[in-house]
>>> print(open('my_file31.cif').read())   # mmCIF, C-alpha atoms
data_start
#
loop_
_atom_site.label_atom_id
_atom_site.label_comp_id
_atom_site.auth_asym_id
_atom_site.auth_seq_id
_atom_site.Cartn_x
_atom_site.Cartn_y
_atom_site.Cartn_z
CA MET A 1 -8.06 -203.10 -9.66
CA GLU A 2 -6.05 -201.43 -6.90
CA VAL A 3 -3.02 -201.27 -9.20
CA VAL A 4 -5.05 -199.55 -11.92
CA TRP A 5 -6.49 -197.11 -9.39
CA GLY A 6 -2.99 -196.36 -8.10
CA VAL A 7 -1.65 -195.72 -11.59
CA ALA A 8 -4.62 -193.45 -12.31
CA GLN A 9 -3.94 -191.45 -9.15
CA VAL A 10 -0.26 -191.06 -10.02
CA GLY A 11 -1.21 -189.96 -13.54
CA ALA A 12 -3.70 -187.43 -12.19
CA VAL A 13 -1.11 -185.96 -9.82
CA TRP A 14 1.46 -185.82 -12.65
CA VAL A 15 -0.91 -183.98 -15.00
CA ALA A 16 -2.01 -181.60 -12.23
CA LEU A 17 1.62 -180.70 -11.46
CA VAL A 18 2.42 -180.18 -15.13
CA LEU A 19 -0.64 -177.99 -15.63
CA GLY A 20 -0.13 -175.97 -12.45
CA LEU A 21 3.63 -175.47 -12.60
CA ILE A 22 4.31 -175.27 -16.33
CA VAL A 23 1.28 -175.08 -18.65
CA VAL A 24 -0.72 -172.34 -16.93
CA PRO A 25 2.29 -170.06 -16.25
CA SER A 26 3.54 -170.50 -19.82
CA ALA A 27 0.06 -169.78 -21.22
CA LEU A 28 -0.01 -166.55 -19.19
CA GLY A 29 3.51 -165.65 -20.29
CA VAL A 30 4.99 -165.77 -16.77
CA SER A 31 7.77 -167.83 -15.27
CA LEU A 32 8.02 -169.41 -11.83
CA GLY A 33 11.81 -169.60 -12.11
CA ILE A 34 11.93 -173.37 -12.60
CA SER A 35 13.49 -173.23 -16.07
CA GLU A 36 15.99 -170.59 -14.92
CA ALA A 37 17.07 -172.78 -12.00
CA TYR A 38 17.35 -175.80 -14.30
CA MET A 39 19.54 -173.87 -16.75
CA TRP A 40 21.77 -172.62 -13.91
CA VAL A 41 22.36 -176.16 -12.66
CA LEU A 42 22.92 -177.37 -16.24
CA VAL A 43 25.49 -174.66 -17.02
CA LYS A 44 27.39 -175.36 -13.82
CA THR A 45 27.40 -179.09 -14.54
CA LEU A 46 28.70 -178.63 -18.08
CA GLU A 47 31.38 -176.21 -16.84
CA TRP A 48 32.52 -178.81 -14.30
CA ALA A 49 32.55 -181.51 -16.99
CA THR A 50 34.63 -179.29 -19.28
CA ILE A 51 37.20 -178.70 -16.52
CA ARG A 52 37.39 -182.45 -15.86
CA LEU A 53 37.91 -183.10 -19.56
CA GLN A 54 40.70 -180.52 -19.76
CA LYS A 55 42.48 -182.00 -16.73
CA GLY A 56 42.14 -185.49 -18.13
CA ALA A 57 43.41 -184.34 -21.52
CA LYS A 58 46.59 -182.98 -19.93
CA LYS A 59 47.28 -186.36 -18.33
CA ARG A 60 46.62 -188.07 -21.69
CA GLN A 61 48.50 -185.57 -23.82
CA PRO A 62 48.87 -187.84 -26.88
CA GLN A 63 45.12 -188.58 -26.85
CA MET A 64 43.77 -185.11 -26.13
CA PRO A 65 40.74 -184.05 -28.20
CA ARG A 66 41.48 -182.34 -31.46
CA THR A 67 40.13 -178.82 -31.53
CA PRO A 68 38.23 -178.23 -34.76
CA THR A 69 39.73 -175.47 -36.89
CA ALA A 70 37.86 -173.00 -38.96
CA ASN A 71 39.74 -174.10 -42.07
CA GLY A 72 38.49 -177.69 -41.85
CA ILE A 73 40.39 -180.90 -42.42
CA ILE A 74 42.50 -179.74 -45.35
CA GLU A 75 44.19 -176.50 -46.29
CA ARG A 76 42.74 -174.99 -49.44
CA ASP A 77 44.60 -172.82 -51.90
CA GLU A 78 42.18 -170.66 -53.87
CA THR A 79 44.70 -169.88 -56.62
CA PRO A 80 42.99 -169.59 -60.06
CA MET A 81 43.32 -172.47 -62.52
CA GLU A 82 45.62 -170.53 -64.86
CA LYS A 83 48.20 -169.82 -62.14
CA GLU A 84 48.03 -173.33 -60.67
CA ILE A 85 48.65 -175.03 -64.00
CA ALA A 86 51.31 -172.48 -64.94
CA LEU A 87 53.18 -173.38 -61.75
CA LEU A 88 53.25 -177.05 -62.80
CA HIS A 89 55.07 -176.88 -66.11
CA GLY A 90 53.49 -174.15 -68.19
CA ALA A 91 50.23 -173.04 -69.72
CA ASP A 92 50.51 -175.39 -72.71
CA PHE A 93 48.69 -178.69 -72.51
CA GLU A 94 50.60 -181.37 -70.60
CA PHE A 95 49.55 -184.60 -68.95
CA SER A 96 50.71 -183.20 -65.62
CA HIS A 97 47.70 -180.87 -65.72
CA ILE A 98 45.56 -183.73 -64.49
CA PHE A 99 47.19 -183.30 -61.07
CA TYR A 100 45.30 -180.01 -60.61
CA PHE A 101 41.95 -181.63 -61.36
CA CYS A 102 42.79 -184.72 -59.28
CA ARG A 103 43.63 -182.57 -56.27
CA LYS A 104 40.41 -180.56 -56.63
CA GLY A 105 38.48 -183.81 -56.88
CA PHE A 106 40.09 -185.21 -53.73
CA GLU A 107 39.33 -181.97 -51.87
CA ALA A 108 35.69 -182.20 -52.89
CA ILE A 109 35.47 -185.83 -51.74
CA VAL A 110 37.26 -185.33 -48.42
CA GLU A 111 35.63 -182.06 -47.41
CA ASP A 112 33.57 -179.84 -49.68
CA GLU A 113 31.67 -176.71 -48.68
CA VAL A 114 28.23 -178.22 -49.22
CA THR A 115 28.04 -181.69 -47.66
CA GLN A 116 29.77 -180.65 -44.44
CA ARG A 117 26.88 -178.23 -43.85
CA PHE A 118 24.53 -181.20 -43.57
CA SER A 119 26.29 -182.87 -40.64
CA SER A 120 25.96 -181.82 -37.01
CA GLU A 121 28.02 -178.88 -35.84
CA GLU A 122 31.24 -179.93 -34.11
CA LEU A 123 31.61 -179.14 -30.39
CA LEU A 124 34.75 -177.86 -28.71
CA SER A 125 33.97 -179.87 -25.59
CA TRP A 126 31.78 -182.83 -24.73
CA ASN A 127 28.30 -181.80 -23.51
CA LEU A 128 27.50 -185.16 -21.83
CA LEU A 129 25.09 -185.99 -24.66
CA THR A 130 26.96 -187.41 -27.60
CA ARG A 131 30.62 -187.78 -28.39
CA THR A 132 30.26 -185.69 -31.57
CA ASN A 133 32.87 -186.28 -34.27
CA VAL A 134 35.78 -185.92 -31.85
CA ASN A 135 36.73 -189.03 -29.90
CA PHE A 136 36.60 -188.07 -26.22
CA HIS A 137 38.22 -190.83 -24.19
CA TYR A 138 37.38 -192.12 -20.72
CA ILE A 139 38.53 -189.51 -18.18
CA SER A 140 37.30 -190.37 -14.70
CA LEU A 141 34.75 -192.36 -12.72
CA ARG A 142 33.03 -189.21 -11.48
CA LEU A 143 32.48 -187.93 -15.01
CA THR A 144 31.06 -191.30 -16.04
CA VAL A 145 28.70 -191.31 -13.03
CA VAL A 146 27.47 -187.81 -13.93
CA TRP A 147 26.87 -188.97 -17.50
CA VAL A 148 24.83 -191.98 -16.26
CA ILE A 149 22.79 -189.73 -13.96
CA GLY A 150 22.21 -187.43 -16.93
CA VAL A 151 20.90 -190.32 -19.05
CA ILE A 152 18.47 -191.28 -16.28
CA VAL A 153 17.26 -187.69 -15.85
CA ARG A 154 16.83 -187.13 -19.60
CA TYR A 155 15.04 -190.37 -20.42
CA CYS A 156 13.13 -191.07 -17.18
CA PHE A 157 12.07 -187.54 -16.23
CA LEU A 158 12.58 -184.98 -18.99
CA LEU A 159 11.29 -187.19 -21.84
CA PRO A 160 7.93 -188.04 -20.15
CA LEU A 161 7.55 -184.40 -19.04
CA ARG A 162 8.25 -183.04 -22.51
CA PHE A 163 6.02 -185.61 -24.17
CA THR A 164 3.17 -184.59 -21.84
CA LEU A 165 3.71 -180.91 -22.60
CA ALA A 166 3.90 -181.55 -26.35
CA ALA A 167 0.66 -183.55 -26.24
CA ILE A 168 -1.06 -180.75 -24.31
CA GLY A 169 0.27 -178.09 -26.68
CA ILE A 170 -0.71 -179.92 -29.89
CA THR A 171 -4.15 -180.87 -28.53
CA SER A 172 -4.77 -177.30 -27.42
CA MET A 173 -3.72 -176.03 -30.84
CA ILE A 174 -6.13 -178.35 -32.67
CA VAL A 175 -9.07 -177.76 -30.32
CA GLY A 176 -8.49 -174.02 -29.96
CA THR A 177 -8.08 -173.23 -33.67
CA THR A 178 -11.04 -175.43 -34.59
CA ALA A 179 -13.25 -173.59 -32.11
CA VAL A 180 -12.05 -170.16 -33.25
CA GLY A 181 -12.48 -171.22 -36.88
CA HIS A 182 -16.26 -171.47 -36.43
CA LEU A 183 -16.52 -167.77 -35.52
CA PRO A 184 -17.44 -165.25 -38.23
CA ASN A 185 -14.58 -163.25 -39.72
CA SER A 186 -13.96 -160.25 -37.50
CA SER A 187 -11.32 -158.54 -35.41
CA VAL A 188 -12.40 -160.67 -32.45
CA LYS A 189 -11.71 -163.86 -34.40
CA ASN A 190 -8.27 -162.58 -35.44
CA TYR A 191 -7.46 -161.65 -31.84
CA LEU A 192 -8.53 -165.03 -30.46
CA SER A 193 -6.60 -166.82 -33.21
CA GLU A 194 -3.41 -164.98 -32.25
CA VAL A 195 -4.00 -165.77 -28.57
CA VAL A 196 -4.40 -169.50 -29.33
CA HIS A 197 -1.29 -169.61 -31.53
CA LEU A 198 0.87 -167.72 -29.03
CA THR A 199 -0.36 -169.74 -26.04
CA CYS A 200 0.18 -173.12 -27.70
CA SER A 201 3.59 -172.08 -29.06
CA ARG A 202 4.70 -171.11 -25.55
CA ILE A 203 3.64 -174.53 -24.25
CA LEU A 204 5.53 -176.26 -27.07
CA VAL A 205 8.64 -174.20 -26.34
CA ARG A 206 8.45 -175.34 -22.72
CA ALA A 207 8.20 -178.90 -24.06
CA LEU A 208 11.68 -178.34 -25.53
CA SER A 209 13.02 -176.67 -22.37
CA GLY A 210 13.54 -173.71 -24.66
CA THR A 211 15.45 -170.64 -23.57
CA ILE A 212 15.14 -168.04 -26.32
CA HIS A 213 16.63 -164.57 -26.36
CA TYR A 214 14.91 -162.12 -28.72
CA HIS A 215 16.87 -159.05 -29.79
CA ASN A 216 15.75 -155.77 -31.43
CA LYS A 217 12.04 -156.41 -30.96
CA GLU A 218 11.25 -153.04 -32.50
CA ASN A 219 12.04 -154.68 -35.87
CA ARG A 220 9.50 -157.50 -35.51
CA PRO A 221 7.67 -158.35 -38.76
CA GLN A 222 4.49 -156.40 -39.37
CA LYS A 223 1.24 -157.39 -41.08
CA GLY A 224 1.35 -157.38 -44.85
CA GLY A 225 5.06 -158.19 -44.88
CA ILE A 226 7.28 -161.23 -45.46
CA CYS A 227 9.49 -162.67 -42.73
CA VAL A 228 12.52 -164.60 -44.03
CA ALA A 229 14.93 -166.51 -41.80
CA ASN A 230 17.76 -169.00 -42.01
CA HIS A 231 16.62 -172.59 -41.53
CA THR A 232 18.13 -175.10 -39.10
CA SER A 233 15.22 -177.15 -37.82
CA PRO A 234 11.45 -177.70 -38.09
CA ILE A 235 11.19 -176.09 -34.66
CA ASP A 236 12.30 -172.75 -36.16
CA ALA A 237 8.65 -171.93 -36.75
CA ILE A 238 7.77 -172.65 -33.10
CA ILE A 239 10.71 -170.53 -31.94
CA LEU A 240 9.43 -167.55 -33.94
CA THR A 241 5.71 -167.96 -33.19
CA ASN A 242 6.57 -167.96 -29.49
CA ASP A 243 7.11 -164.20 -29.88
CA GLY A 244 4.57 -163.34 -32.59
CA CYS A 245 2.07 -164.82 -35.03
CA TYR A 246 2.80 -165.64 -38.65
CA ALA A 247 1.00 -167.09 -41.64
CA MET A 248 2.81 -170.30 -42.58
CA VAL A 249 3.53 -171.38 -46.15
CA GLY A 250 3.98 -175.02 -47.08
CA GLN A 251 2.76 -178.21 -48.66
CA VAL A 252 -0.32 -180.07 -47.43
CA HIS A 253 0.65 -183.12 -45.38
CA GLY A 254 -1.16 -186.16 -44.09
CA GLY A 255 -1.26 -187.75 -40.63
CA LEU A 256 -0.98 -185.62 -37.51
CA MET A 257 0.62 -182.74 -39.40
CA GLY A 258 -2.35 -182.72 -41.78
CA VAL A 259 -4.79 -182.57 -38.87
CA ILE A 260 -2.93 -179.57 -37.45
CA GLN A 261 -2.85 -177.84 -40.85
CA ARG A 262 -6.57 -178.29 -41.44
CA ALA A 263 -7.39 -177.01 -37.96
CA THR A 264 -5.11 -173.96 -37.97
CA VAL A 265 -6.11 -172.76 -41.43
CA LYS A 266 -9.68 -172.34 -40.19
CA ALA A 267 -8.57 -169.73 -37.67
CA CYS A 268 -5.59 -168.17 -39.45
CA PRO A 269 -4.94 -167.47 -43.15
CA HIS A 270 -2.05 -169.91 -43.58
CA VAL A 271 -1.12 -170.69 -47.18
CA TRP A 272 -1.09 -174.45 -47.77
CA PHE A 273 -0.50 -175.93 -51.23
CA GLU A 274 -1.35 -179.32 -52.64
CA ARG A 275 1.54 -181.36 -54.05
CA SER A 276 0.45 -180.55 -57.63
CA GLU A 277 0.09 -176.83 -56.85
CA ILE A 278 3.50 -176.43 -55.22
CA LYS A 279 5.14 -177.19 -58.59
CA ASP A 280 3.21 -174.36 -60.27
CA ARG A 281 5.52 -171.43 -59.55
CA HIS A 282 3.14 -168.83 -60.97
CA LEU A 283 0.23 -170.08 -58.85
CA VAL A 284 2.37 -169.97 -55.69
CA THR A 285 3.53 -166.43 -56.46
CA LYS A 286 -0.03 -165.29 -57.21
CA ARG A 287 -1.44 -166.58 -53.91
CA LEU A 288 1.43 -165.11 -51.90
CA ARG A 289 1.06 -161.74 -53.58
CA GLU A 290 -2.64 -161.70 -52.78
CA HIS A 291 -1.82 -162.44 -49.13
CA VAL A 292 0.81 -159.69 -48.91
CA ALA A 293 -1.50 -157.17 -50.60
CA ASP A 294 -3.96 -157.51 -47.69
CA LYS A 295 -2.37 -155.42 -44.93
CA SER A 296 -4.72 -156.91 -42.33
CA LYS A 297 -3.23 -160.40 -42.70
CA LEU A 298 -0.35 -161.75 -40.66
CA PRO A 299 3.17 -161.59 -42.11
CA ILE A 300 4.19 -164.65 -44.14
CA LEU A 301 6.97 -166.78 -42.69
CA ILE A 302 9.31 -168.23 -45.33
CA PHE A 303 12.62 -170.11 -45.12
CA PRO A 304 14.20 -169.31 -48.51
CA GLU A 305 16.99 -171.92 -48.23
CA GLY A 306 14.39 -174.63 -48.73
CA THR A 307 16.18 -177.14 -46.48
CA CYS A 308 17.78 -177.35 -43.03
CA ILE A 309 21.42 -176.23 -42.66
CA ASN A 310 23.57 -177.18 -39.68
CA ASN A 311 23.56 -173.88 -37.76
CA THR A 312 26.99 -172.81 -39.07
CA SER A 313 26.11 -171.32 -42.45
CA VAL A 314 23.53 -169.64 -44.62
CA MET A 315 23.22 -171.09 -48.12
CA MET A 316 21.61 -169.73 -51.28
CA PHE A 317 18.20 -168.08 -50.89
CA LYS A 318 15.68 -169.08 -53.56
CA LYS A 319 14.63 -165.96 -55.45
CA GLY A 320 10.90 -166.76 -55.46
CA SER A 321 10.34 -165.24 -52.02
CA PHE A 322 11.84 -161.95 -53.22
CA GLU A 323 9.76 -161.65 -56.39
CA ILE A 324 6.48 -161.31 -54.49
CA GLY A 325 6.99 -157.67 -53.56
CA GLY A 326 6.31 -155.97 -50.26
CA THR A 327 8.60 -155.43 -47.28
CA ILE A 328 11.06 -158.13 -46.24
CA TYR A 329 11.72 -158.58 -42.52
CA PRO A 330 14.96 -160.57 -42.12
CA VAL A 331 15.44 -162.71 -39.00
CA ALA A 332 18.63 -164.46 -37.91
CA ILE A 333 18.40 -167.59 -35.73
CA LYS A 334 21.45 -169.05 -34.01
CA TYR A 335 21.25 -172.10 -31.72
CA ASP A 336 23.71 -172.88 -28.93
CA PRO A 337 24.96 -176.43 -29.69
CA GLN A 338 26.32 -176.85 -26.17
CA PHE A 339 22.87 -177.77 -24.82
CA GLY A 340 21.48 -179.74 -27.74
CA ASP A 341 21.77 -180.21 -31.47
CA ALA A 342 18.76 -178.56 -33.12
CA PHE A 343 19.84 -179.39 -36.68
CA TRP A 344 17.64 -181.90 -38.52
CA ASN A 345 19.56 -184.04 -40.99
CA SER A 346 16.52 -185.35 -42.85
CA SER A 347 18.72 -187.61 -44.98
CA LYS A 348 19.85 -189.47 -41.87
CA TYR A 349 16.96 -189.23 -39.39
CA ASN A 350 13.21 -189.38 -39.91
CA ILE A 351 11.02 -186.91 -38.04
CA VAL A 352 10.28 -189.34 -35.17
CA SER A 353 13.97 -190.05 -34.54
CA TYR A 354 14.75 -186.36 -34.74
CA LEU A 355 12.05 -185.39 -32.22
CA LEU A 356 13.29 -188.11 -29.86
CA ARG A 357 16.80 -186.67 -30.03
CA ILE A 358 15.47 -183.17 -29.41
CA MET A 359 13.32 -184.22 -26.46
CA THR A 360 16.19 -186.11 -24.83
CA SER A 361 18.67 -183.25 -25.16
CA TRP A 362 19.41 -180.95 -22.25
CA ALA A 363 17.61 -177.91 -23.65
CA ILE A 364 17.12 -175.78 -26.75
CA VAL A 365 18.89 -172.45 -26.34
CA CYS A 366 19.01 -169.90 -29.13
CA ASN A 367 19.24 -166.23 -30.03
CA VAL A 368 16.84 -164.54 -32.44
CA TRP A 369 17.70 -161.20 -34.02
CA TYR A 370 15.06 -159.09 -35.76
CA LEU A 371 16.82 -157.08 -38.47
CA PRO A 372 15.60 -153.75 -39.90
CA PRO A 373 13.06 -154.18 -42.73
CA MET A 374 14.43 -154.23 -46.28
CA VAL A 375 12.83 -153.39 -49.63
CA ARG A 376 13.95 -154.16 -53.14
CA LYS A 377 15.82 -151.33 -54.88
CA GLU A 378 14.85 -150.11 -58.33
CA ASP A 379 18.07 -151.29 -59.99
CA GLU A 380 18.08 -154.63 -58.14
CA ASP A 381 16.76 -157.94 -59.43
CA ALA A 382 15.31 -160.69 -57.23
CA VAL A 383 18.61 -162.62 -57.01
CA GLN A 384 20.60 -159.56 -55.94
CA PHE A 385 17.94 -158.67 -53.37
CA ALA A 386 17.97 -162.24 -52.00
CA ASN A 387 21.77 -162.14 -51.70
CA ARG A 388 21.65 -158.81 -49.87
CA VAL A 389 19.13 -160.14 -47.35
CA ARG A 390 21.14 -163.35 -46.91
CA SER A 391 24.32 -161.36 -46.23
CA ALA A 392 22.57 -159.32 -43.55
CA ILE A 393 21.29 -162.47 -41.81
CA ALA A 394 24.71 -164.15 -42.00
CA ARG A 395 26.52 -161.13 -40.52
CA GLN A 396 24.08 -160.78 -37.62
CA GLY A 397 24.01 -164.49 -36.76
CA GLY A 398 27.76 -165.00 -37.12
CA LEU A 399 27.13 -167.55 -39.88
CA THR A 400 29.23 -168.41 -42.92
CA GLU A 401 27.70 -167.20 -46.17
CA LEU A 402 27.78 -169.75 -48.99
CA PRO A 403 26.54 -169.31 -52.59
CA TRP A 404 25.57 -172.98 -53.01
CA ASP A 405 22.02 -174.28 -53.41
CA GLY A 406 20.87 -176.30 -50.40
CA GLY A 407 19.12 -178.60 -52.88
CA LEU A 408 22.52 -180.23 -53.46
CA LYS A 409 21.82 -182.03 -50.19
CA ARG A 410 19.83 -184.59 -52.20
CA ALA A 411 20.42 -183.74 -55.86
CA LYS A 412 23.46 -184.45 -58.00
CA VAL A 413 25.71 -181.62 -59.14
CA LYS A 414 24.44 -180.11 -62.37
CA ASP A 415 26.38 -180.93 -65.52
CA THR A 416 26.65 -177.20 -66.19
CA PHE A 417 29.04 -176.87 -63.23
CA LYS A 418 31.33 -179.53 -64.72
CA GLU A 419 31.08 -178.02 -68.18
CA GLU A 420 32.04 -174.61 -66.79
CA GLN A 421 35.40 -175.97 -65.60
CA GLN A 422 35.96 -177.68 -68.96
CA LYS A 423 35.17 -174.46 -70.84
CA ASN A 424 37.53 -172.43 -68.65
CA TYR A 425 40.36 -174.88 -69.30
CA SER A 426 39.70 -174.98 -73.07
CA LYS A 427 39.62 -171.16 -73.23
CA MET A 428 42.98 -171.07 -71.44
CA LEU A 429 44.48 -173.47 -74.01
CA VAL A 430 43.05 -171.59 -76.97
CA ARG A 431 44.24 -168.29 -75.58
CA ASN A 432 47.79 -169.62 -75.26
CA GLY A 433 47.86 -171.20 -78.70
CA SER A 434 47.96 -174.79 -77.45
CA VAL A 435 44.92 -175.70 -79.55
CA GLY A 436 44.61 -174.78 -83.23
#
>>> encode(input="my_file31.cif", output="structure tokens")
Amino acid sequence: MEVVWGVAQVGAVWVALVLGLIVVPSALGVSLGISEAYMWVLVKTLEWATIRLQKGAKKRQPQMPRTPTANGIIERDETPMEKEIALLHGADFEFSHIFYFCRKGFEAIVEDEVTQRFSSEELLSWNLLTRTNVNFHYISLRLTVVWVIGVIVRYCFLLPLRFTLAAIGITSMIVGTTAVGHLPNSSVKNYLSEVVHLTCSRILVRALSGTIHYHNKENRPQKGGICVANHTSPIDAIILTNDGCYAMVGQVHGGLMGVIQRATVKACPHVWFERSEIKDRHLVTKRLREHVADKSKLPILIFPEGTCINNTSVMMFKKGSFEIGGTIYPVAIKYDPQFGDAFWNSSKYNIVSYLLRIMTSWAIVCNVWYLPPMVRKEDEDAVQFANRVRSAIARQGGLTELPWDGGLKRAKVKDTFKEEQQKNYSKMLVRNGSVG
């Protein structure tokens, strides 16, 4: 009985400290300087570790870490097919032409532009978390001791703290939105709904030890508009709602996520679709247009890539978001991989494993840029408009712009892509008189 009472007392003290030092200040939008001090110590520690690694690499010159290059593993020559084959033996058909296609096939297998965007971003130096893809060797006893201390801090202190904060934030979100949802529709209800969403988002950001820098706040999305952003992680939505409220768009889920969806939609006009409805493109467009037409409703938050990309690139934007009409508010999000890997590789990790990795990282640090609003031009179709918005986001975030569909993460390459190469080769042969 005494043991139980002692555990209860420790738990009460723990919750009181969390509420007093973190939850209440974050709910009020103030900081006691704890997170700033933590980040200062963390930066200094990682700087020291980097110096130790560099000194150790000089002593082990043959085994020093390979610095990733922007060009990747292999050098690519973007010479057109006609010139490449002409350099072999000529434009007429010859068996040696298969070397061109074999080389392109090997390049695609070893390192293509799509699949490498679905693996974690490479680090230039070890951040005392994971070894990344570069093999950092044993350097010194002191560095190893610091790494062990870091493991203890992350798993024995930060993980329980963050789990407590996440539980408080999610519970507050469910209870708060449910209570607000029972109020009659009015400006008061809308105000209280925004307060609940902002407050709970701030608590959840603290649960990630988040340090977020928002730039150009004068361009923040306005009501009746559409906010589009590049997509790296499920926490992107929390990062954005920490600075403003949005109406979410997505599929209805079960479990805890379903409970949150059903609670929040009572207080805020989120747009949730059933599995059967999400396949009906016209129904989705109709409901989104109705939402945008009401200038009193919160801006819609959409991630047009449709899947998570590894924080290095922006892939093809689906045109559906740009057919709705209204003003588009582009947002660029760029995470700092030095403190933690925010990318969710859903093909490799389930959501529980991913959240565990996030909550045992050092911190989540990112920059958010609000870009000037954009509207579709008269002579511009939805695809061209989507590409223009994507280019603006890529430039601002320092991300590589790729034309590929992120759906290739799970789907096979369409036969039309293969047939296009075959047609180009056949046209070249016909044009040169090799056939017929």
>>> atom_distance(input="my_file31.cif", atom1="atom CA of Asn350 of chain A", atom2="atom CA of Asn242 of chain A")
24.7 Å
>>> closest_residue(input="my_file31.cif", among="A:Trp40, A:Phe303, A:Trp14, A:Tyr246", to="Leu161 of chain A", atoms="all atoms listed in the file")
A:Trp14
>>> residues_near_point(input="my_file31.cif", point="(1.3, -158.6, -50.0)", cutoff="12 Å", atoms="all atoms listed in the file", output="VMD selection string")
chain A and resid 222 to 227 247 285 to 300 321 to 328
>>> closest_residue(input="my_file31.cif", among="A:Ala167, A:Cys268, A:Leu46, A:Ile309", to="Asp341 of chain A", atoms="only C-alpha atoms")
A:Ile309
>>> resolve_selection(input="my_file31.cif", expression="the PyMOL selection byres ((chain A and resi 248) around 10)", output="PyMOL selection string")
chain A and resi 237+245-247+249-251+261+264-265+268-272+298-302
>>> resolve_selection(input="my_file31.cif", expression="the PyMOL selection byres ((chain A and resi 206) around 8)", output="list in words")
Ile22, Ser26, Arg162, Leu165, Arg202, Ile203, Leu204, Val205, Ala207, Leu208, Ser209 and Gly210 of chain A
>>> resolve_selection(input="my_file31.cif", expression="the PyMOL selection byres ((chain A and resi 306) around 10)", output="PyMOL selection string")
chain A and resi 230-231+302-305+307-309+315-318+405-407
>>> atom_distance(input="my_file31.cif", atom1="atom CA of Met257 of chain A", atom2="atom CA of Ala332 of chain A")
25.7 Å
>>> atom_distance(input="my_file31.cif", atom1="atom CA of Leu123 of chain A", atom2="atom CA of Tyr214 of chain A")
23.9 Å
>>> closest_residue(input="my_file31.cif", among="A:Ser31, A:Pro25, A:Glu420, A:Ala229", to="Ser391 of chain A", atoms="only C-alpha atoms")
A:Ala229
>>> closest_residue(input="my_file31.cif", among="A:Pro372, A:Leu402, A:Ile235, A:Thr211", to="Met39 of chain A", atoms="all atoms listed in the file")
A:Thr211
>>> residues_around(input="my_file31.cif", residues="segment 174-177 of chain A", least_positions_apart="2", cutoff="12 Å", atoms="all atoms listed in the file", output="number ranges by chain")
A: 167-172, 179-183, 189-200, 256-269
>>> write_last_selection(input="my_file31.cif", atoms="C-alpha atoms", output="short mmCIF file (atom, residue, chain, number, x, y, z; two decimals), in the coordinates of the input")
data_model
loop_
_atom_site.label_atom_id
_atom_site.label_comp_id
_atom_site.auth_asym_id
_atom_site.auth_seq_id
_atom_site.Cartn_x
_atom_site.Cartn_y
_atom_site.Cartn_z
CA ALA A 167 0.66 -183.55 -26.24
CA ILE A 168 -1.06 -180.75 -24.31
CA GLY A 169 0.27 -178.09 -26.68
CA ILE A 170 -0.71 -179.92 -29.89
CA THR A 171 -4.15 -180.87 -28.53
CA SER A 172 -4.77 -177.30 -27.42
CA ALA A 179 -13.25 -173.59 -32.11
CA VAL A 180 -12.05 -170.16 -33.25
CA GLY A 181 -12.48 -171.22 -36.88
CA HIS A 182 -16.26 -171.47 -36.43
CA LEU A 183 -16.52 -167.77 -35.52
CA LYS A 189 -11.71 -163.86 -34.40
CA ASN A 190 -8.27 -162.58 -35.44
CA TYR A 191 -7.46 -161.65 -31.84
CA LEU A 192 -8.53 -165.03 -30.46
CA SER A 193 -6.60 -166.82 -33.21
CA GLU A 194 -3.41 -164.98 -32.25
CA VAL A 195 -4.00 -165.77 -28.57
CA VAL A 196 -4.40 -169.50 -29.33
CA HIS A 197 -1.29 -169.61 -31.53
CA LEU A 198 0.87 -167.72 -29.03
CA THR A 199 -0.36 -169.74 -26.04
CA CYS A 200 0.18 -173.12 -27.70
CA LEU A 256 -0.98 -185.62 -37.51
CA MET A 257 0.62 -182.74 -39.40
CA GLY A 258 -2.35 -182.72 -41.78
CA VAL A 259 -4.79 -182.57 -38.87
CA ILE A 260 -2.93 -179.57 -37.45
CA GLN A 261 -2.85 -177.84 -40.85
CA ARG A 262 -6.57 -178.29 -41.44
CA ALA A 263 -7.39 -177.01 -37.96
CA THR A 264 -5.11 -173.96 -37.97
CA VAL A 265 -6.11 -172.76 -41.43
CA LYS A 266 -9.68 -172.34 -40.19
CA ALA A 267 -8.57 -169.73 -37.67
CA CYS A 268 -5.59 -168.17 -39.45
CA PRO A 269 -4.94 -167.47 -43.15
#
>>> closest_residue(input="my_file31.cif", among="A:Lys319, A:Arg376, A:Arg395, A:Arg154", to="Thr360 of chain A", atoms="all atoms listed in the file")
A:Arg154
>>> axis_aligned_box(input="my_file31.cif", around="segment 358-365 of chain A", padding_each_side="4 Å", output="lines of an AutoDock Vina configuration file")
center_x = 16.4
center_y = -179.3
center_z = -25.8
size_x = 14.1
size_y = 21.7
size_z = 15.2
>>> residues_near_point(input="my_file31.cif", point="(19.5, -158.8, -27.8)", cutoff="10 Å", atoms="only C-alpha atoms", output="PyMOL selection string")
chain A and resi 213-217+367-370
>>> closest_residue(input="my_file31.cif", among="A:Val314, A:Val188, A:Val153, A:Ala386", to="Trp362 of chain A", atoms="only C-alpha atoms")
A:Val153
